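Q: Please find run_23.cif (mmCIF, C-alpha atoms and all ligand atoms) on the next line:
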```
data_run
loop_
_atom_site.label_atom_id
_atom_site.label_comp_id
_atom_site.auth_asym_id
_atom_site.auth_seq_id
_atom_site.Cartn_x
_atom_site.Cartn_y
_atom_site.Cartn_z
CA LEU H 1 -3.17 -2.83 -26.35
CA VAL H 2 -6.76 -3.50 -25.35
CA GLU H 3 -8.85 -0.42 -24.80
CA ARG H 4 -9.43 -1.03 -21.10
CA MET H 5 -5.66 -0.89 -20.46
CA ARG H 6 -4.96 2.23 -22.53
CA PRO H 7 -5.14 4.61 -19.57
CA PHE H 8 -2.44 2.55 -17.84
CA THR H 9 0.54 2.56 -20.19
CA SER H 10 2.93 4.19 -17.73
CA THR H 11 2.97 4.72 -13.97
CA ILE H 12 3.77 7.85 -12.04
CA PHE H 13 6.47 5.92 -10.12
CA THR H 14 8.30 4.97 -13.31
CA GLU H 15 8.12 8.51 -14.63
CA ILE H 16 9.19 10.33 -11.49
CA SER H 17 11.97 7.83 -10.72
CA ARG H 18 13.29 8.33 -14.25
CA LEU H 19 13.16 12.11 -13.80
CA ALA H 20 14.94 11.82 -10.43
CA ALA H 21 17.69 9.68 -11.98
CA GLU H 22 18.13 12.06 -14.93
CA THR H 23 18.40 15.12 -12.70
CA GLY H 24 20.32 13.55 -9.82
CA ALA H 25 17.53 14.53 -7.44
CA ILE H 26 16.97 12.84 -4.08
CA ASN H 27 14.13 10.47 -4.93
CA LEU H 28 11.38 10.89 -2.34
CA GLY H 29 8.85 10.02 -5.05
CA GLN H 30 8.64 6.24 -5.42
CA GLY H 31 8.40 4.66 -1.97
CA PHE H 32 11.30 2.33 -1.28
CA PRO H 33 13.75 2.30 1.64
CA ASP H 34 17.42 3.11 1.08
CA THR H 35 18.47 0.56 3.71
CA ASP H 36 17.81 -3.17 3.33
CA GLY H 37 16.82 -4.90 6.45
CA PRO H 38 17.06 -6.99 8.70
CA ALA H 39 20.48 -8.66 8.32
CA SER H 40 19.20 -12.06 9.51
CA LEU H 41 16.58 -12.05 6.74
CA LEU H 42 19.12 -11.21 4.03
CA ALA H 43 21.56 -13.88 5.23
CA ASP H 44 18.78 -16.45 5.47
CA ALA H 45 17.67 -15.84 1.87
CA ALA H 46 21.27 -15.94 0.64
CA ALA H 47 21.82 -19.27 2.39
CA ASN H 48 18.61 -20.62 0.85
CA ILE H 49 20.06 -19.82 -2.58
CA THR H 50 23.68 -20.87 -2.20
CA GLU H 51 23.71 -23.44 0.61
CA ARG H 52 20.29 -25.01 1.01
CA GLY H 53 19.35 -25.32 -2.64
CA VAL H 54 15.90 -23.76 -2.31
CA ASN H 55 15.84 -22.71 -5.95
CA GLN H 56 13.15 -24.71 -7.69
CA TYR H 57 9.41 -24.17 -7.80
CA PRO H 58 7.85 -23.95 -4.36
CA PRO H 59 4.37 -25.43 -3.83
CA GLY H 60 1.71 -23.46 -5.78
CA PRO H 61 0.00 -21.74 -2.84
CA GLY H 62 3.36 -20.97 -1.21
CA ALA H 63 6.01 -22.47 1.06
CA PRO H 64 4.28 -24.26 3.98
CA SER H 65 6.56 -22.46 6.45
CA LEU H 66 5.45 -19.05 5.17
CA ARG H 67 1.76 -19.93 5.16
CA ARG H 68 2.13 -21.10 8.77
CA ALA H 69 4.11 -17.96 9.69
CA VAL H 70 1.42 -15.69 8.24
CA ALA H 71 -1.21 -17.52 10.30
CA ASP H 72 0.98 -17.22 13.44
CA HIS H 73 1.56 -13.51 12.75
CA GLN H 74 -2.17 -12.84 12.44
CA ARG H 75 -2.81 -14.57 15.76
CA ARG H 76 0.11 -12.89 17.53
CA PHE H 77 -0.69 -9.33 16.49
CA TYR H 78 -4.46 -9.38 16.00
CA GLY H 79 -5.85 -12.51 17.69
CA LEU H 80 -7.08 -13.77 14.32
CA ASP H 81 -7.59 -17.49 13.86
CA VAL H 82 -6.21 -18.29 10.39
CA ASP H 83 -5.74 -21.78 8.97
CA PRO H 84 -2.42 -21.94 7.03
CA ALA H 85 -4.41 -23.80 4.35
CA ASP H 86 -6.33 -20.55 3.76
CA VAL H 87 -3.18 -18.48 3.07
CA VAL H 88 -2.05 -18.02 -0.54
CA VAL H 89 1.44 -16.63 -1.13
CA THR H 90 1.61 -14.22 -4.07
CA THR H 91 4.17 -12.26 -6.05
CA GLY H 92 3.81 -9.19 -3.86
CA ALA H 93 0.61 -7.62 -2.66
CA THR H 94 0.21 -6.37 -6.23
CA GLU H 95 -0.47 -9.86 -7.52
CA ALA H 96 -2.72 -10.61 -4.55
CA ILE H 97 -4.87 -7.59 -5.44
CA ALA H 98 -4.97 -8.43 -9.16
CA ALA H 99 -5.67 -12.15 -8.65
CA THR H 100 -8.39 -11.37 -6.10
CA LEU H 101 -10.21 -8.89 -8.34
CA LEU H 102 -9.82 -11.10 -11.42
CA GLY H 103 -11.14 -14.05 -9.46
CA LEU H 104 -14.12 -12.28 -7.90
CA CYS H 105 -15.44 -9.79 -10.46
CA GLU H 106 -17.60 -10.48 -13.47
CA PRO H 107 -17.55 -7.83 -16.20
CA GLY H 108 -19.88 -5.03 -15.14
CA ASP H 109 -19.46 -5.66 -11.41
CA GLU H 110 -18.59 -2.62 -9.31
CA VAL H 111 -15.66 -2.14 -6.97
CA VAL H 112 -15.89 0.57 -4.30
CA ALA H 113 -12.48 2.04 -3.43
CA PHE H 114 -11.22 5.15 -1.67
CA GLU H 115 -9.50 7.79 -3.74
CA PRO H 116 -6.73 8.71 -3.97
CA THR H 117 -6.23 4.98 -4.67
CA TYR H 118 -2.95 3.11 -4.89
CA ASP H 119 -2.28 3.02 -8.62
CA SER H 120 -2.59 -0.70 -9.26
CA TYR H 121 -6.21 -0.78 -8.04
CA ALA H 122 -7.73 1.06 -11.00
CA ALA H 123 -5.68 -1.01 -13.46
CA SER H 124 -6.65 -4.32 -11.83
CA VAL H 125 -10.31 -3.31 -11.73
CA ALA H 126 -10.08 -2.45 -15.45
CA LEU H 127 -8.34 -5.76 -16.25
CA ALA H 128 -11.19 -7.57 -14.54
CA GLY H 129 -13.69 -5.66 -16.70
CA ALA H 130 -15.24 -4.22 -13.55
CA THR H 131 -16.14 -0.60 -12.81
CA LEU H 132 -14.46 1.45 -10.09
CA ARG H 133 -16.79 3.43 -7.82
CA PRO H 134 -14.45 5.88 -6.09
CA VAL H 135 -15.19 7.47 -2.72
CA THR H 136 -13.21 10.63 -2.00
CA LEU H 137 -10.97 10.91 1.03
CA HIS H 138 -11.13 14.63 1.76
CA PRO H 139 -8.05 16.62 2.74
CA PRO H 140 -6.72 17.61 5.19
CA HIS H 141 -7.63 14.56 7.33
CA PHE H 142 -8.54 12.23 4.46
CA GLY H 143 -11.77 10.97 5.96
CA PHE H 144 -14.79 10.02 3.84
CA ASP H 145 -18.26 11.50 3.88
CA ASP H 146 -20.73 8.92 5.10
CA ASP H 147 -23.38 9.80 2.51
CA GLU H 148 -20.82 9.65 -0.30
CA LEU H 149 -19.74 6.21 0.89
CA ALA H 150 -23.31 4.92 1.08
CA ALA H 151 -24.06 6.32 -2.39
CA ALA H 152 -21.12 4.42 -3.91
CA PHE H 153 -22.72 1.07 -3.10
CA SER H 154 -25.34 -0.46 -5.40
CA ASP H 155 -26.75 -3.86 -6.23
CA ARG H 156 -23.78 -4.27 -8.60
CA THR H 157 -21.20 -3.85 -5.82
CA ARG H 158 -19.05 -6.96 -5.71
CA VAL H 159 -16.01 -5.75 -3.78
CA VAL H 160 -15.07 -2.93 -1.46
CA LEU H 161 -11.34 -2.38 -1.56
CA VAL H 162 -9.87 -0.88 1.61
CA ASN H 163 -6.29 0.20 2.22
CA THR H 164 -5.26 1.04 5.78
CA PRO H 165 -2.77 2.53 6.63
CA HIS H 166 -3.46 4.39 3.41
CA ASN H 167 -1.10 5.15 0.54
CA PRO H 168 -0.71 7.93 -0.62
CA THR H 169 -2.35 9.97 2.15
CA GLY H 170 -0.79 8.51 5.32
CA ALA H 171 -4.26 8.21 6.84
CA VAL H 172 -5.12 5.32 9.17
CA PHE H 173 -8.79 4.39 9.18
CA THR H 174 -10.45 4.45 12.61
CA ARG H 175 -12.51 1.69 14.13
CA ALA H 176 -15.67 3.73 13.48
CA GLN H 177 -14.78 4.27 9.81
CA LEU H 178 -13.91 0.62 9.24
CA THR H 179 -17.08 -0.50 11.02
CA ARG H 180 -19.18 1.71 8.76
CA ILE H 181 -17.48 0.27 5.67
CA GLY H 182 -18.00 -3.26 7.00
CA GLU H 183 -21.68 -2.69 7.72
CA LEU H 184 -22.29 -1.42 4.19
CA ALA H 185 -20.39 -4.36 2.72
CA VAL H 186 -22.57 -6.78 4.68
CA ALA H 187 -25.77 -4.92 3.74
CA HIS H 188 -24.84 -5.08 0.05
CA ASP H 189 -23.45 -8.62 0.18
CA ALA H 190 -20.05 -7.37 -1.04
CA VAL H 191 -16.63 -8.91 -0.43
CA VAL H 192 -14.17 -6.79 1.57
CA VAL H 193 -10.64 -6.85 0.19
CA THR H 194 -8.27 -5.14 2.57
CA ASP H 195 -4.73 -4.11 1.66
CA GLU H 196 -2.75 -3.89 4.91
CA VAL H 197 0.81 -3.73 3.57
CA TYR H 198 1.62 -0.84 5.95
CA GLU H 199 0.16 -2.69 8.96
CA HIS H 200 3.29 -2.19 11.10
CA MET H 201 3.76 1.46 10.20
CA THR H 202 1.56 3.59 12.43
CA PHE H 203 2.54 6.61 14.50
CA ASP H 204 1.53 8.37 17.69
CA ASP H 205 -1.78 6.97 18.93
CA ALA H 206 -2.88 5.58 15.55
CA GLU H 207 -3.74 1.88 15.70
CA HIS H 208 -3.89 -0.48 12.75
CA ILE H 209 -7.18 -2.39 12.89
CA PRO H 210 -7.55 -5.28 10.45
CA MET H 211 -11.06 -5.36 8.95
CA ALA H 212 -11.25 -9.10 9.70
CA THR H 213 -11.12 -8.40 13.47
CA LEU H 214 -14.19 -6.16 13.61
CA PRO H 215 -17.21 -7.59 15.45
CA VAL H 216 -19.63 -6.72 12.63
CA PRO H 217 -21.81 -9.83 12.10
CA GLY H 218 -20.97 -11.47 8.79
CA LEU H 219 -17.90 -9.33 8.11
CA ALA H 220 -14.98 -11.68 8.81
CA GLU H 221 -16.69 -14.32 6.63
CA ARG H 222 -16.54 -11.95 3.64
CA THR H 223 -13.07 -10.46 4.14
CA LEU H 224 -9.87 -11.19 2.25
CA THR H 225 -6.77 -9.74 3.92
CA ILE H 226 -3.66 -8.85 1.92
CA SER H 227 -0.16 -7.95 3.07
CA SER H 228 3.43 -8.22 1.94
CA ALA H 229 7.01 -8.53 3.18
CA GLY H 230 8.18 -5.59 1.08
CA LYS H 231 7.28 -2.81 3.51
CA THR H 232 7.55 -4.61 6.86
CA PHE H 233 11.06 -5.90 6.15
CA SER H 234 12.35 -3.21 3.77
CA VAL H 235 12.73 -5.59 0.83
CA THR H 236 10.40 -4.03 -1.72
CA GLY H 237 12.15 -5.80 -4.60
CA TRP H 238 11.44 -9.27 -3.25
CA LYS H 239 7.75 -9.21 -4.06
CA VAL H 240 6.60 -11.75 -1.52
CA GLY H 241 3.00 -11.10 -0.52
CA TRP H 242 -0.02 -13.06 0.64
CA VAL H 243 -3.78 -13.12 0.89
CA HIS H 244 -5.87 -15.01 3.41
CA GLY H 245 -9.54 -15.40 4.15
CA PRO H 246 -12.34 -17.94 4.35
CA PRO H 247 -11.75 -20.98 2.12
CA GLU H 248 -14.56 -20.26 -0.34
CA LEU H 249 -13.24 -16.72 -0.93
CA VAL H 250 -9.51 -17.39 -0.97
CA ALA H 251 -10.21 -20.00 -3.64
CA ALA H 252 -10.64 -17.09 -6.08
CA PRO H 253 -7.11 -15.59 -5.91
CA ARG H 254 -5.63 -19.08 -5.54
CA ALA H 255 -7.16 -20.20 -8.83
CA VAL H 256 -6.17 -17.06 -10.75
CA LYS H 257 -2.67 -16.87 -9.29
CA GLN H 258 -1.86 -20.27 -10.79
CA PHE H 259 -2.13 -18.77 -14.27
CA LEU H 260 -0.53 -15.39 -13.61
CA THR H 261 2.74 -16.57 -12.08
CA PHE H 262 1.99 -20.02 -10.61
CA HIS H 263 4.58 -19.39 -7.90
CA GLY H 264 7.58 -17.22 -7.18
CA GLY H 265 10.39 -16.33 -4.81
CA ALA H 266 11.19 -19.88 -3.61
CA PRO H 267 14.34 -18.97 -1.63
CA LEU H 268 12.74 -15.81 -0.26
CA GLN H 269 9.59 -17.37 1.15
CA PRO H 270 11.11 -19.42 4.01
CA ALA H 271 13.32 -16.45 4.93
CA VAL H 272 10.25 -14.20 5.17
CA ALA H 273 8.60 -16.90 7.32
CA ASN H 274 11.45 -16.61 9.83
CA ALA H 275 11.39 -12.81 9.72
CA LEU H 276 7.67 -12.70 10.56
CA ALA H 277 8.57 -14.42 13.83
CA LEU H 278 11.12 -11.74 14.80
CA GLY H 279 10.71 -10.41 18.34
CA ASP H 280 8.56 -7.50 19.39
CA ASP H 281 11.67 -5.29 19.61
CA PHE H 282 12.14 -5.55 15.82
CA TYR H 283 8.62 -4.30 15.14
CA ALA H 284 8.78 -1.61 17.85
CA THR H 285 12.15 -0.30 16.66
CA ALA H 286 10.98 -0.15 13.05
CA ALA H 287 7.93 1.92 14.01
CA ALA H 288 9.99 4.21 16.27
CA ASP H 289 12.58 4.75 13.51
CA LEU H 290 9.86 5.65 11.03
CA THR H 291 8.19 8.02 13.50
CA ARG H 292 11.50 9.88 13.82
CA LYS H 293 11.86 10.00 10.04
CA ARG H 294 8.33 11.28 9.59
CA ASP H 295 9.04 14.03 12.12
CA LEU H 296 12.35 14.90 10.47
CA LEU H 297 10.90 15.28 6.98
CA SER H 298 7.67 16.92 8.16
CA ALA H 299 9.67 19.54 10.07
CA GLY H 300 11.87 20.07 7.01
CA LEU H 301 8.85 20.55 4.76
CA ARG H 302 7.32 23.00 7.23
CA SER H 303 10.42 25.09 7.48
CA ALA H 304 10.68 25.07 3.69
CA GLY H 305 7.23 26.68 3.65
CA PHE H 306 4.85 23.78 2.96
CA ASP H 307 1.70 23.02 4.91
CA VAL H 308 2.13 19.42 6.08
CA LEU H 309 -0.82 17.06 6.39
CA THR H 310 0.10 14.84 9.33
CA ALA H 311 0.87 11.23 8.39
CA ARG H 312 -0.57 8.77 10.92
CA GLY H 313 0.77 5.73 9.09
CA THR H 314 2.71 4.42 6.01
CA TYR H 315 6.02 6.01 5.03
CA PHE H 316 4.52 8.88 3.08
CA VAL H 317 3.65 12.42 4.00
CA VAL H 318 1.44 14.72 1.94
CA ALA H 319 2.38 18.38 1.69
CA ASP H 320 0.47 21.39 0.40
CA PRO H 321 2.73 23.86 -1.46
CA ARG H 322 0.21 26.68 -1.79
CA PRO H 323 1.92 28.85 0.88
CA LEU H 324 4.94 28.77 -1.46
CA GLY H 325 2.85 29.98 -4.39
CA PHE H 326 2.35 26.62 -6.14
CA ASP H 327 -1.23 25.50 -6.66
CA ASP H 328 -0.74 22.54 -9.02
CA GLY H 329 0.97 19.46 -7.57
CA VAL H 330 1.38 17.78 -10.98
CA ASP H 331 3.18 20.79 -12.33
CA LEU H 332 5.27 21.10 -9.16
CA ALA H 333 6.27 17.41 -9.11
CA TRP H 334 7.66 17.74 -12.63
CA LYS H 335 9.55 20.94 -11.74
CA LEU H 336 10.74 20.06 -8.25
CA PRO H 337 13.90 18.14 -9.25
CA GLU H 338 15.10 21.11 -11.32
CA LEU H 339 14.02 23.67 -8.75
CA CYS H 340 15.66 22.10 -5.71
CA GLY H 341 17.00 18.59 -6.40
CA VAL H 342 14.23 16.62 -4.67
CA ALA H 343 11.61 14.39 -6.33
CA ALA H 344 8.04 13.80 -5.08
CA VAL H 345 4.83 12.46 -6.63
CA PRO H 346 1.62 14.42 -7.20
CA VAL H 347 -1.41 13.14 -5.28
CA SER H 348 -4.14 13.97 -7.81
CA VAL H 349 -2.90 11.35 -10.29
CA PHE H 350 -4.21 8.71 -7.87
CA CYS H 351 -7.75 10.09 -8.20
CA GLN H 352 -10.48 9.23 -10.69
CA SER H 353 -13.39 11.58 -10.02
CA ALA H 354 -13.21 15.22 -11.04
CA ALA H 355 -14.11 16.24 -7.48
CA ALA H 356 -11.22 14.30 -5.94
CA VAL H 357 -8.77 15.49 -8.59
CA ALA H 358 -9.78 19.06 -7.76
CA ALA H 359 -9.59 18.48 -3.99
CA THR H 360 -6.07 17.03 -4.20
CA ARG H 361 -4.79 19.12 -7.10
CA PRO H 362 -2.15 21.10 -5.18
CA LEU H 363 -0.84 18.20 -3.10
CA VAL H 364 2.44 16.29 -3.40
CA ARG H 365 3.57 13.13 -1.60
CA PHE H 366 7.06 12.64 -0.15
CA ALA H 367 8.47 9.27 1.02
CA PHE H 368 10.43 9.33 4.30
CA CYS H 369 11.74 5.72 4.32
CA LYS H 370 15.27 7.06 3.85
CA ARG H 371 18.40 7.42 6.00
CA ASP H 372 18.21 10.38 8.38
CA GLU H 373 21.08 12.16 6.63
CA VAL H 374 19.28 11.84 3.28
CA LEU H 375 16.13 13.33 4.78
CA ALA H 376 18.18 16.16 6.33
CA GLU H 377 19.81 16.87 2.96
CA ALA H 378 16.40 16.82 1.23
CA ALA H 379 15.01 19.21 3.84
CA ASP H 380 17.95 21.51 3.29
CA ARG H 381 17.48 21.47 -0.49
CA LEU H 382 13.76 22.16 -0.15
CA THR H 383 14.43 25.44 1.65
CA GLY H 384 15.70 26.65 -1.74
CA LEU H 385 12.10 26.75 -2.98
CA ARG H 386 11.39 30.02 -1.22
CA GLY H 387 13.51 31.68 -3.87
N1 LIG P 1 -0.57 -1.76 -1.88
C1 LIG P 1 -0.10 -0.58 -1.48
C2 LIG P 1 -1.00 0.37 -0.79
C3 LIG P 1 1.25 -0.24 -1.71
O1 LIG P 1 1.71 0.94 -1.35
C4 LIG P 1 2.08 -1.18 -2.33
C5 LIG P 1 3.55 -0.88 -2.50
N2 LIG P 1 3.94 -0.54 -3.77
C6 LIG P 1 1.53 -2.39 -2.76
C7 LIG P 1 0.21 -2.65 -2.50
C8 LIG P 1 2.32 -3.40 -3.50
O2 LIG P 1 3.05 -4.24 -2.66
P1 LIG P 1 4.08 -5.28 -3.28
O3 LIG P 1 5.34 -4.55 -3.58
O4 LIG P 1 4.21 -6.30 -2.21
O5 LIG P 1 3.49 -5.84 -4.53
N1 LIG P 2 4.37 1.50 -3.01
C1 LIG P 2 5.40 2.38 -3.51
C2 LIG P 2 4.84 3.75 -3.69
O1 LIG P 2 3.68 3.98 -3.55
C3 LIG P 2 6.04 1.88 -4.80
C4 LIG P 2 5.07 1.72 -5.89
C5 LIG P 2 5.67 1.16 -7.17
O2 LIG P 2 6.85 1.27 -7.44
N2 LIG P 2 4.81 0.60 -7.95
O3 LIG P 2 5.60 4.63 -3.97
#
```
How does the structure come out when it is put into C-alpha cells?

A:
Amino acid sequence: LVERMRPFTSTIFTEISRLAAETGAINLGQGFPDTDGPASLLADAAANITERGVNQYPPGPGAPSLRRAVADHQRRFYGLDVDPADVVVTTGATEAIAATLLGLCEPGDEVVAFEPTYDSYAASVALAGATLRPVTLHPPHFGFDDDELAAAFSDRTRVVLVNTPHNPTGAVFTRAQLTRIGELAVAHDAVVVTDEVYEHMTFDDAEHIPMATLPVPGLAERTLTISSAGKTFSVTGWKVGWVHGPPELVAAPRAVKQFLTFHGGAPLQPAVANALALGDDFYATAAADLTRKRDLLSAGLRSAGFDVLTARGTYFVVADPRPLGFDDGVDLAWKLPELCGVAAVPVSVFCQSAAAVAATRPLVRFAFCKRDEVLAEAADRLTGLRG
C-alpha cells in the first residue's frame, strides 16, 4: 500500500458496525436508516430491472432523466439555474468528492476543510497528493473562529471543502458563516466544493443554504455542488450521487469519474430522477419525522445522563458523556456495546489537528435515522450506564 494511504486502512464505520454485530448491540454508529423508502422509488427501480430492461451501461455522465431532475430540483428548492449538461452523476457523493479532488488538485495543493471532517475527505485529499488544512469547529455549537479560518488559506489553497448540514456534528452553517467562507475562497482564487448530502435534513429554524446561491461576487462561478440520493430517499446502499457546477469546473470530476467507475447504477438512476420530483409533502414529512426522532433520542440521552449538543441538521446527534464519568469518547465507543448494548462512533477520530482531537476527545455521535421503537429501546438501554 502506498504511503499516503497507510493511515486509511480501515474506517471507524466498518469497525464499529463489526463490533455492534458481534455484540448484538443496537447500531447507532454507522449512519443508515432501518426503513427503506419511499415505496414508489423501490418499485420503480425494481421495474427498471425486471420489466424495462434498464440494465446495461447508462451514458457516462449519467441518465439524461436524472441530470434533468437534479437541475429541476436545484431550481425548485433553491432557485438555482443549472444546465443538465453540467450535472455529472457519480457512484454516491463519495465518488463525487474523490473525482472532484483528484481532478482539481496538483500534488502539494492545499485543501481547507472543517474538522471534524467526514472520513472520506482526508483519504481523498491524500489520494490526490494534496495537503489538508483543517479548521476546527469548536464544541458545543461547532462554529469556526474567523481568524483560524483566515489563517488556513494560503497561496497554495486550491479547494475549500464545505459540508452543510455537517456530519458528524449536526451543525448547519449560517448565511454569515457561508458568506465568510465564500469571500475567502474568492480572495484566494480557490474552488468551493460543497457536500450537501443532508440538504433536506434540517430542524427547527435551521435553513439549508447552498453555497452556490450566495450573492458573493465570483462565488457561484467557482462552486461545485455535491449531493446524493442515499440520505434524501433512505437508500444509502444505492450509491447514486451527483456533482454540478460551471462547465469548466465540472469537467474535472467528469474526466476523472470516467476512469474510476465510468458509470453505475443504471436501473437506479431513472428511479431517483422520479423521486426527486416527489411532492412537497414527501420532503416535509421526512424532515418532520427526523425532527421527532432527534427529539426522541436526544431526550433519551439526556435522561441517561449525557449532555446533548443540539443537532440542527443531519441524522446525527453528538453527546458528551463527562457527566457520567467518561472523558474519552474513543474508549467509550469501544466499551458502549458491552456496557449497555448500544453502538456509537467517537467524534475525535474525524479530526486531524491535535487541538481538534483534544476539543472533541470526550464526544460520541449517535445516529437517529431508526424506527421510533428502536430509538426508545436504545434510550432505555442507555439508562443502564449510570450503573
Ligand atoms: N458526505 C457526507 C457528509 C456523508 O455523511 C456521506 C454519507 N456516508 C457521504 C458524503 C457519502 O454519500 P454516498 O453514500 O452517497 O457516497
Ligand atoms: N454517512 C454515514 C455515516 O457517517 C455512513 C458512512 C459510511 O458507511 N462510510 O455514518

Q: Please, which residues in region 131-198 of chain H fall within 9 Å of region 351-368 of chain H when counting all atoms listed in the file, and what is the closest atom pair and distance in Å to one decimal for each, ordered by chain then residue number, as a Markdown table?

A:
```
| residue | atom | partner | partner_atom | distance |
| --- | --- | --- | --- | --- |
| H:Leu132 | CA | H:Gln352 | CA | 8.8 |
| H:Pro134 | CA | H:Gln352 | CA | 6.9 |
| H:Val135 | CA | H:Ala356 | CA | 8.5 |
| H:Thr136 | CA | H:Ala356 | CA | 5.7 |
| H:Leu137 | CA | H:Ala356 | CA | 7.8 |
| H:His138 | CA | H:Ala359 | CA | 7.1 |
| H:Pro139 | CA | H:Ala359 | CA | 7.2 |
| H:Pro168 | CA | H:Arg365 | CA | 6.8 |
| H:Thr169 | CA | H:Arg365 | CA | 7.7 |
```

Q: Given 4 Å on each side, where is the centre and what are the edge lengths in Å to one decimal of the axis-aligned box enclosing the listed atoms of ligand LIG 1 (chain P), as JSON?

A:
```
{"center_x": 2.2, "center_y": -2.7, "center_z": -2.7, "size_x": 14.3, "size_y": 15.2, "size_z": 11.7}
```

Q: Can you tell me which residues sit at most 9 Å away from ligand LIG 1 (chain P), counting only C-alpha atoms and all ligand atoms, written as a short mmCIF file (atom, residue, chain, number, x, y, z; two decimals) with C-alpha atoms, in the frame of the given file?

A:
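As a result, part_10.cif now contains:
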```cif
data_model
loop_
_atom_site.label_atom_id
_atom_site.label_comp_id
_atom_site.auth_asym_id
_atom_site.auth_seq_id
_atom_site.Cartn_x
_atom_site.Cartn_y
_atom_site.Cartn_z
CA GLN H 30 8.64 6.24 -5.42
CA GLY H 31 8.40 4.66 -1.97
CA PHE H 32 11.30 2.33 -1.28
CA THR H 90 1.61 -14.22 -4.07
CA THR H 91 4.17 -12.26 -6.05
CA GLY H 92 3.81 -9.19 -3.86
CA ALA H 93 0.61 -7.62 -2.66
CA THR H 94 0.21 -6.37 -6.23
CA GLU H 95 -0.47 -9.86 -7.52
CA ALA H 96 -2.72 -10.61 -4.55
CA ILE H 97 -4.87 -7.59 -5.44
CA THR H 117 -6.23 4.98 -4.67
CA TYR H 118 -2.95 3.11 -4.89
CA ASP H 119 -2.28 3.02 -8.62
CA SER H 120 -2.59 -0.70 -9.26
CA TYR H 121 -6.21 -0.78 -8.04
CA ASN H 163 -6.29 0.20 2.22
CA THR H 164 -5.26 1.04 5.78
CA PRO H 165 -2.77 2.53 6.63
CA HIS H 166 -3.46 4.39 3.41
CA ASN H 167 -1.10 5.15 0.54
CA PRO H 168 -0.71 7.93 -0.62
CA ASP H 195 -4.73 -4.11 1.66
CA GLU H 196 -2.75 -3.89 4.91
CA VAL H 197 0.81 -3.73 3.57
CA TYR H 198 1.62 -0.84 5.95
CA ILE H 226 -3.66 -8.85 1.92
CA SER H 227 -0.16 -7.95 3.07
CA SER H 228 3.43 -8.22 1.94
CA ALA H 229 7.01 -8.53 3.18
CA GLY H 230 8.18 -5.59 1.08
CA LYS H 231 7.28 -2.81 3.51
CA VAL H 235 12.73 -5.59 0.83
CA THR H 236 10.40 -4.03 -1.72
CA GLY H 237 12.15 -5.80 -4.60
CA TRP H 238 11.44 -9.27 -3.25
CA LYS H 239 7.75 -9.21 -4.06
CA VAL H 240 6.60 -11.75 -1.52
CA GLY H 241 3.00 -11.10 -0.52
CA TRP H 242 -0.02 -13.06 0.64
CA THR H 314 2.71 4.42 6.01
#
```

Q: Kindly assemble as a Markdown table a list of the region 43-154 of chain H residues that lie within 10 Å of region 171-187 of chain H, each paired with its nearest atom pair and their distance in Å to one decimal, using all atoms listed in the file, sorted first by chain and then by ascending residue number.

A:
```
| residue | atom | partner | partner_atom | distance |
| --- | --- | --- | --- | --- |
| H:Val112 | CA | H:Ala185 | CA | 9.7 |
| H:Leu137 | CA | H:Ala171 | CA | 9.3 |
| H:Pro140 | CA | H:Ala171 | CA | 9.9 |
| H:His141 | CA | H:Ala171 | CA | 7.2 |
| H:Phe142 | CA | H:Ala171 | CA | 6.3 |
| H:Gly143 | CA | H:Phe173 | CA | 7.9 |
| H:Phe144 | CA | H:Gln177 | CA | 8.3 |
| H:Asp145 | CA | H:Gln177 | CA | 10.0 |
| H:Asp146 | CA | H:Arg180 | CA | 8.2 |
| H:Leu149 | CA | H:Ile181 | CA | 8.0 |
| H:Ala150 | CA | H:Leu184 | CA | 7.1 |
| H:Phe153 | CA | H:Leu184 | CA | 7.7 |
```

Q: Record the distance separating CA of Arg254 (chain H) and CA of His208 (chain H), expressed in Å with one decimal.

A: 26.1 Å

Q: Determine the nearest neighbour of ligand LIG 2 (chain P) from the options H:Phe8, H:Phe259, H:Phe203, H:Phe13, counting only C-alpha atoms and all ligand atoms.

A: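 Under the stated criterion, the closest residue is H:Phe13.
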
Q: Env of Ala252 (chain H): 8 Å cut, atoms = all atoms listed in the file, seq-sep filter 5 positions within chain, self excluded. Answer as a count of residues only.

A: 4

Q: Using only C-alpha atoms, which residues sit within 10 Å of Gly325 (chain H) once same-chain residues fewer than 3 positions away are excluded, as a PyMOL selection string?

A: chain H and resi 305-306+321-322+328+385-386

Q: Rounded to one decimal, what separation in Å do you get between CA of Ala123 (chain H) and CA of Val193 (chain H)?

A: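 According to the coordinates, CA of Ala123 (chain H) and CA of Val193 (chain H) are separated by 15.7 Å.
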
Q: So that I can see what lies close to Thr23 (chain H), please list as a VMD selection string the residues with an atom at most 7 Å from it, counting only C-alpha atoms and leaving out residues fewer than 4 positions away in the same chain.

A: chain H and resid 19 337 to 338

Q: Could you list, as a JSON list (two decimals) with C-alpha atoms, in the coordinates of the input, every residue within 12 Å of Ala39 (chain H), counting all atoms listed in the file and ignoring same-chain residues fewer than 5 positions away?

A:
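This is the output file part-v3.json:
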```json
[["chain", "number", "residue", "atom", "x", "y", "z"],
["H", 44, "ASP", "CA", 18.78, -16.45, 5.47],
["H", 45, "ALA", "CA", 17.67, -15.84, 1.87],
["H", 46, "ALA", "CA", 21.27, -15.94, 0.64],
["H", 233, "PHE", "CA", 11.06, -5.90, 6.15],
["H", 234, "SER", "CA", 12.35, -3.21, 3.77],
["H", 235, "VAL", "CA", 12.73, -5.59, 0.83],
["H", 271, "ALA", "CA", 13.32, -16.45, 4.93],
["H", 275, "ALA", "CA", 11.39, -12.81, 9.72],
["H", 278, "LEU", "CA", 11.12, -11.74, 14.80],
["H", 282, "PHE", "CA", 12.14, -5.55, 15.82]]
```

Q: Up to 9 Å from (11.5, -20.4, -1.5) in the file's coordinates: name the residues, counting all atoms listed in the file, as a PyMOL selection string.

A: chain H and resi 45+48-49+54-58+62-63+264-271
